[in-house]
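Reading through the structure tokens given below for one structure.
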Amino acid sequence: MERRMKELIQQAFDFGIDYARKNAQKDHEFRALDFVRMYQDSDIYDNYYMTSAFALTSLPHKKPKDDTKWVQQNGPFHLLVEGGYKLVDGEPVFSGVPYGSRARLILYYLVTKAVERQTPKVQLGRSMTAWMKSMKIPASGPNYETIREQVMRLASCRITFNQTTSVGSAMAQENIVGAMFTPRADGEQVWEDCAVLSEGFFEALRSHKFPVDARAISVLQNQSQSMDVYIWLCYRMQKVDSAMLVPWKSLYQQFGSGYSALRYFKRNFLRDVLPRAMAVYPKVMIEIDDANGIILHPSPPAIDFVKTYKGGAFKSIDGDQKP
């Protein structure tokens with residue numbers, strides 16, 4: 001992202017979209033400003049939560065060629081996701097590895113509900129349509145089936161997270177979902193109504209959760225790469241107290257799955273992926289060092305954690321108050 005792109009995004013927040021669009025010239029500049037407009041026009045004012053493991057590593061963006069497993073390394077952090085099985089009429093059917101933006105949205109939802117209610121038991125809603133509507137996702141046929149498929153992939157997969165340090169390594173291996181309950185449909189599109197997060201995953205997210213802007217996630221709902229960068233920025237900016245260079249090699253390692261070479265990743269990262277993440281995090285301070293990487297500067301958090309509480313209670317993403 002050249003300096004000009006950064007300035008256009010800042011102009012959009014300081015002086016308005018129309019002012020910034022008058023100064024935009026290239027297609028990718030207009031695309032980034034479209035995301036600023038969607039963010040400003042959104043009527044979602046709630047928070048989601050995520051766990052640090054998925055800020056440091058991520059699910060695949062597309063269905064892996066080897067649908068049995070997904071492996072990612074980001075420096076000392078390693079993620080292994082293994083596809084699992086579900087039983088259909090008593091017969092095992094392979095579900096595969098969760099992937100894409102829809103798997104991420106489901107994960108945000110599960111983590112957020114568990115954090116809000118302080119319980120691993122998460123109600124998914126009486127119907128798929130109602131749940132998708134709460135996330136501002138079109139509840140049409142193909143999209144409904146995609147969400148349903150990704151829920152089953154998440155519910156049946158097993159994740160292994162490994163961190164290597166100078167004194168050794170630590171490994172955690174868990175299912176995300178430990179149990180699910182499916183009520184009778186009775187003619188309505190009712191699906192897995194209740195998911196129970198595994199004990200290990202629930203305890204991990206309780207200890208390592210952080211807030212993110214639900215409005216930002218909604219705007220980026222079809223942009224899994226930008227969603228990952230936004231989540232990473234939300235997490236990293238909590239700890240940045242002086243200028244920090246993140247090398248291109250590290251960025252490529254974490255966010256470059258699907259790119260055959262660093263130069264292709266870098267071009268798309270600067271033109272589209274990073275600007276879209278910055279469009280929904282207006283206070284983030286990032287400097288581009290074209291030769292070496294990006295420089296993170298101390299910035300206000302995307303979400304003030306104190307504001308996630310309303311009168312001593314969590315404000316639910318459904319809008320209700322929970323003690």
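In the structure tokens, chains take the letters A, B, ... in the order shown, each chain's residues start at 1, and ligands count up from 1 in the order shown.
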Selection near stretch 108-110 of chain A, 8 Å with only C-alpha atoms, sequence-local residues under 2 positions removed, as a list of chain:residue names |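 Non-adjacent residues within range: A:Tyr48, A:Tyr49, A:Met50, A:Arg104, A:Leu105, A:Ile106, A:Thr112, A:Lys113, A:Ala114, A:Val122.
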Next, dump the selected residues to file, keeping only N, CA and C atoms, as an mmCIF file, in the first residue's frame.
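Final output, saved to again_21.cif:
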data_model
loop_
_atom_site.group_PDB
_atom_site.id
_atom_site.type_symbol
_atom_site.label_atom_id
_atom_site.label_comp_id
_atom_site.auth_asym_id
_atom_site.auth_seq_id
_atom_site.Cartn_x
_atom_site.Cartn_y
_atom_site.Cartn_z
ATOM 1 N N TYR A 48 -17.277 -8.621 18.790
ATOM 2 C CA TYR A 48 -17.005 -10.048 18.751
ATOM 3 C C TYR A 48 -15.755 -10.290 19.595
ATOM 4 N N TYR A 49 -15.438 -11.549 19.792
ATOM 5 C CA TYR A 49 -14.213 -11.919 20.493
ATOM 6 C C TYR A 49 -13.498 -12.997 19.693
ATOM 7 N N MET A 50 -12.184 -13.043 19.857
ATOM 8 C CA MET A 50 -11.383 -14.078 19.229
ATOM 9 C C MET A 50 -10.295 -14.485 20.204
ATOM 10 N N ARG A 104 -14.628 -18.749 9.352
ATOM 11 C CA ARG A 104 -14.159 -17.733 10.295
ATOM 12 C C ARG A 104 -15.327 -17.059 11.005
ATOM 13 N N LEU A 105 -16.381 -16.717 10.265
ATOM 14 C CA LEU A 105 -17.548 -16.082 10.874
ATOM 15 C C LEU A 105 -18.176 -16.980 11.932
ATOM 16 N N ILE A 106 -18.269 -18.257 11.632
ATOM 17 C CA ILE A 106 -18.826 -19.206 12.602
ATOM 18 C C ILE A 106 -17.950 -19.262 13.845
ATOM 19 N N THR A 112 -17.526 -15.700 20.630
ATOM 20 C CA THR A 112 -18.199 -14.552 21.236
ATOM 21 C C THR A 112 -19.303 -14.977 22.182
ATOM 22 N N LYS A 113 -20.141 -15.894 21.746
ATOM 23 C CA LYS A 113 -21.240 -16.350 22.599
ATOM 24 C C LYS A 113 -20.719 -17.014 23.862
ATOM 25 N N ALA A 114 -19.669 -17.810 23.720
ATOM 26 C CA ALA A 114 -19.110 -18.491 24.893
ATOM 27 C C ALA A 114 -18.533 -17.483 25.885
ATOM 28 N N VAL A 122 -23.292 -23.132 23.449
ATOM 29 C CA VAL A 122 -23.643 -22.028 22.561
ATOM 30 C C VAL A 122 -24.900 -22.380 21.777
#
For A:Val111, please output as a count of residues only all residues within 12 Å (counting only C-alpha atoms; exclusion window: fewer than 2 positions along the same chain). 43
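For stretch 38-44 of chain A, the set of protein, DNA and RNA residues having any atom at most 10 Å away, when counting only C-alpha atoms and skipping those fewer than 4 positions along the same chain, is Ala12, Phe13, Gly16, Ile17, Leu33, Asp34, Ser134, Met135, Lys136, Asp213, Ala214, Arg215, Ala216, Ile217, Ser218, Val219, Leu220, Ala279, Val280, Tyr281, Pro282, Ile317 and Gly319 of chain A.
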### Message
For the helix (DSSP H, G or I) assignment from backbone DSSP, which residues of stretch 155-318 of chain A qualify? Please present them as a ChimeraX atom specification.
### Response
/A:155-156,199-208,214-219,224-236,248-255,262-279,305-308
Practice prompt. Have a look at atom CA of A:Gln223 and atom CA of A:Ile286 and let me know their distance in Å, one decimal.
Written response: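 These atoms are spaced 20.2 Å apart.
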A straight line from atom CA of A:Tyr19 to atom CA of A:Phe269 spans 24.9 Å
Practice prompt. Using DSSP on the backbone, list every residue of stretch 18-186 of chain A that comes out as strand (DSSP E), and give them as a PyMOL selection string.
Written response: chain A and resi 47-51+69-74+77-82+84-88+91-96+121-123+158-165+168-175+177-181
Write out as a list in words each polymer residue whose atoms come within 6 Å of stretch 291-302 of chain A, counting only C-alpha atoms; drop sequence neighbours fewer than 5 positions from it.
Cys234, Val240, Asp241, Ser242, Ala243, Met244, Leu245, Val246, Pro247, Trp248, Val284, Met285 and Ile286 of chain A
Same residues, C-alpha atoms, output as an mmCIF file, in the first residue's frame:
data_model
loop_
_atom_site.group_PDB
_atom_site.id
_atom_site.type_symbol
_atom_site.label_atom_id
_atom_site.label_comp_id
_atom_site.auth_asym_id
_atom_site.auth_seq_id
_atom_site.Cartn_x
_atom_site.Cartn_y
_atom_site.Cartn_z
ATOM 1 C CA CYS A 234 -6.339 -6.024 16.785
ATOM 2 C CA VAL A 240 2.950 -2.397 20.446
ATOM 3 C CA ASP A 241 4.502 0.366 22.582
ATOM 4 C CA SER A 242 7.170 1.481 20.093
ATOM 5 C CA ALA A 243 7.740 1.242 16.335
ATOM 6 C CA MET A 244 7.906 -2.415 15.290
ATOM 7 C CA LEU A 245 9.041 -3.684 11.885
ATOM 8 C CA VAL A 246 7.279 -6.797 10.600
ATOM 9 C CA PRO A 247 9.397 -8.175 7.714
ATOM 10 C CA TRP A 248 7.867 -9.178 4.397
ATOM 11 C CA VAL A 284 -4.374 2.043 13.279
ATOM 12 C CA MET A 285 -0.974 3.587 12.522
ATOM 13 C CA ILE A 286 1.015 1.682 9.886
#
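Atom pair atom CA of A:Glu145 / atom CA of A:Gly200 has a distance of 28.9 Å (rounded to one decimal).
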Residues near stretch 67-69 of chain A, anyone? I mean within 7 Å using only C-alpha atoms, not counting same-chain ones fewer than 4 positions away, as a PyMOL selection string.
chain A and resi 63+80-83+96-97
Practice prompt. Quick one: everything within 9 Å of A:Val273, counting only C-alpha atoms, minus sequence neighbours fewer than 3 positions away in the same chain. Send it as a list of chain:residue names.
Written response: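 These residues fall inside the cut-off: A:Gln223, A:Gln225, A:Ser226, A:Met227, A:Val229, A:Asn268, A:Phe269, A:Leu270, A:Arg276, A:Ala277, A:Met278.
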